[in-house]
$ cat target-v1.tsv   # TSV, C-alpha atoms
chain	number	residue	atom	x	y	z
A	1	MET	CA	61.31	118.56	145.67
A	2	SER	CA	59.93	115.05	145.61
A	3	LEU	CA	59.45	112.97	148.73
A	4	ASP	CA	62.41	110.69	148.02
A	5	GLN	CA	64.92	113.54	147.68
A	6	LYS	CA	66.86	114.86	150.64
A	7	PRO	CA	67.47	118.60	151.03
A	8	VAL	CA	70.85	119.72	149.79
A	9	ASP	CA	73.30	120.86	152.44
A	10	TRP	CA	74.97	124.01	151.15
A	11	GLY	CA	77.31	124.24	154.11
A	12	GLY	CA	75.61	127.30	155.62
A	13	PRO	CA	73.53	127.54	158.74
A	14	SER	CA	70.42	125.38	158.86
A	15	GLU	CA	66.90	126.84	158.96
A	16	ASP	CA	66.67	125.98	162.64
A	17	ASP	CA	69.84	127.94	163.39
A	18	MET	CA	68.55	130.94	161.46
A	19	ALA	CA	65.13	131.08	163.11
A	20	ASP	CA	66.38	132.55	166.39
A	21	THR	CA	68.72	135.22	165.02
A	22	SER	CA	68.14	138.30	162.90
A	23	LEU	CA	69.94	139.18	159.68
A	24	THR	CA	71.98	141.85	161.42
A	25	ASP	CA	73.02	139.42	164.16
A	26	ARG	CA	74.40	137.12	161.46
A	27	GLY	CA	76.25	139.98	159.78
A	28	TYR	CA	74.01	140.33	156.71
A	29	THR	CA	73.01	143.75	155.46
A	30	TYR	CA	70.02	144.89	153.47
A	31	GLU	CA	72.29	145.11	150.39
A	32	ASP	CA	73.31	141.46	150.86
A	33	LEU	CA	69.66	140.44	150.91
A	34	LYS	CA	68.92	142.57	147.84
A	35	MET	CA	71.87	141.02	145.93
A	36	ALA	CA	70.71	137.52	146.92
A	37	LEU	CA	67.16	138.18	145.72
A	38	THR	CA	68.47	139.63	142.43
A	39	HIS	CA	70.62	136.53	141.96
A	40	ILE	CA	67.65	134.28	142.71
A	41	ARG	CA	65.52	136.12	140.12
A	42	LYS	CA	68.26	135.72	137.50
A	43	LEU	CA	68.54	132.01	138.25
A	44	GLU	CA	64.76	131.56	138.07
A	45	SER	CA	64.71	133.35	134.71
A	46	LYS	CA	67.52	131.14	133.44
A	47	ILE	CA	65.65	128.02	134.63
A	48	ARG	CA	62.49	129.14	132.78
A	49	ASP	CA	64.54	129.78	129.64
A	50	LEU	CA	66.20	126.35	129.82
A	51	GLU	CA	62.85	124.65	130.45
A	52	SER	CA	61.32	126.35	127.40
A	53	ARG	CA	64.33	125.36	125.27
A	54	LEU	CA	64.04	121.78	126.48
A	55	GLU	CA	60.34	121.74	125.66
A	56	ALA	CA	60.99	123.23	122.21
A	57	ALA	CA	63.71	120.67	121.52
A	58	GLY	CA	61.26	117.91	122.41
A	59	ASN	CA	58.85	119.29	119.80
A	60	LEU	CA	61.35	119.10	116.93
A	61	ARG	CA	60.18	116.89	114.11
A	62	PRO	CA	61.93	115.56	111.02
A	63	SER	CA	61.20	117.64	107.93
A	64	LEU	CA	59.34	114.80	106.24
A	65	GLU	CA	56.98	114.53	109.22
A	66	VAL	CA	56.40	118.32	109.20
A	67	LEU	CA	55.43	118.14	105.51
A	68	GLN	CA	53.19	115.11	106.06
A	69	ARG	CA	51.40	116.76	108.99
A	70	MET	CA	50.77	119.89	106.91
A	71	ALA	CA	49.54	117.83	103.97
A	72	ASN	CA	47.17	115.80	106.17
A	73	GLY	CA	45.81	118.91	107.89
A	74	LEU	CA	47.16	117.98	111.33
A	75	ASP	CA	49.26	121.16	111.47
A	76	PRO	CA	48.27	124.48	109.90
A	77	PHE	CA	50.09	125.42	106.71
A	78	ASP	CA	52.89	127.88	107.41
A	79	ARG	CA	54.86	129.05	104.39
A	80	GLY	CA	58.07	129.58	106.40
A	81	ARG	CA	57.98	126.14	108.04
A	82	PHE	CA	57.09	124.58	104.70
A	83	GLN	CA	60.06	126.17	102.94
A	84	CYS	CA	62.43	125.23	105.77
A	85	ALA	CA	61.18	121.63	105.77
A	86	VAL	CA	61.58	121.35	102.00
A	87	ALA	CA	65.10	122.81	102.19
A	88	ALA	CA	66.09	120.40	105.00
A	89	LEU	CA	64.58	117.33	103.35
A	90	PRO	CA	67.57	116.35	101.16
A	91	HIS	CA	69.94	116.57	104.13
A	92	GLU	CA	67.74	114.50	106.41
A	93	THR	CA	66.44	111.69	104.26
A	94	PRO	CA	68.77	108.73	104.01
A	95	LYS	CA	69.97	108.01	100.50
A	96	LEU	CA	68.86	104.52	99.60
A	97	SER	CA	69.91	102.57	96.57
A	98	ALA	CA	69.40	99.04	95.40
A	99	THR	CA	71.19	96.86	92.91
A	100	VAL	CA	69.43	93.92	91.36
A	101	GLY	CA	71.26	91.21	89.50
A	102	ILE	CA	69.34	88.70	87.42
A	103	THR	CA	70.84	85.60	85.93
A	104	GLY	CA	69.20	83.33	83.43
A	105	SER	CA	66.03	83.91	81.49
A	106	LEU	CA	63.61	86.62	82.61
A	107	GLY	CA	60.61	84.81	81.16
A	108	GLY	CA	57.34	86.37	80.10
A	109	ILE	CA	57.57	90.06	79.34
A	110	GLY	CA	61.36	90.09	79.58
A	111	GLU	CA	61.77	87.60	76.74
A	112	GLN	CA	59.28	89.52	74.59
A	113	LEU	CA	61.23	92.74	75.16
A	114	ASP	CA	64.52	91.00	74.28
A	115	ARG	CA	63.02	89.62	71.02
A	116	ALA	CA	61.66	93.06	70.12
A	117	ARG	CA	65.08	94.63	70.79
A	118	LEU	CA	66.84	92.01	68.65
A	119	ARG	CA	64.28	92.48	65.84
A	120	ARG	CA	64.80	96.25	65.94
A	121	ILE	CA	68.58	95.83	65.81
A	122	SER	CA	68.39	93.32	62.95
A	123	ASP	CA	66.04	95.65	60.99
A	124	SER	CA	68.68	98.36	61.29
A	125	GLY	CA	71.21	96.20	59.44
A	126	LEU	CA	73.43	95.51	62.44
A	127	ARG	CA	74.62	92.01	63.15
A	128	VAL	CA	73.88	90.67	66.63
A	129	VAL	CA	76.24	88.16	68.14
A	130	GLU	CA	74.75	86.27	71.08
A	131	PRO	CA	77.13	85.00	73.72
A	132	THR	CA	77.46	81.26	73.87
A	133	GLU	CA	77.10	79.37	77.08
A	134	GLY	CA	79.72	77.00	78.12

$ encode --input "target-v1.tsv" --output "structure tokens"
Amino acid sequence: MSLDQKPVDWGGPSEDDMADTSLTDRGYTYEDLKMALTHIRKLESKIRDLESRLEAAGNLRPSLEVLQRMANGLDPFDRGRFQCAVAALPHETPKLSATVGITGSLGGIGEQLDRARLRRISDSGLRVVEPTEG
């Protein structure tokens, strides 16, 4: 418990009240104490389990990062992790696409490619009709 937290009042007797009386005076039996300790052990075990799960969840990495770390030698190669990362990659990576629209003359290499295409078409005996502007 940190210094700024107050103890939780569970509604039972305070520690001061309990100091002067024995367990039997308060009506508790040995079996009650044993059950309480068993319950405490179960709760402590559950806390440890939840803490380890929380720590493991904090160590999760995207599949691309797992593959990059293996490739760069930051993490040791593990065949199972590698296969899982490769299998998860298509589901994790965003699908990006781009559309480019060009109007007017491409200039340079584009014009040379267009002339070569037209030459190849005209050599094949096909007639090319260019669209007219206007």

$ atom_distance --input "target-v1.tsv" --atom1 "CA of Gly73 in chain A" --atom2 "CA of Leu54 in chain A"
26.2 Å

$ atom_distance --input "target-v1.tsv" --atom1 "CA of Lys34 in chain A" --atom2 "CA of Glu51 in chain A"
25.7 Å

$ atom_distance --input "target-v1.tsv" --atom1 "CA of Arg69 in chain A" --atom2 "CA of Arg81 in chain A"
11.5 Å
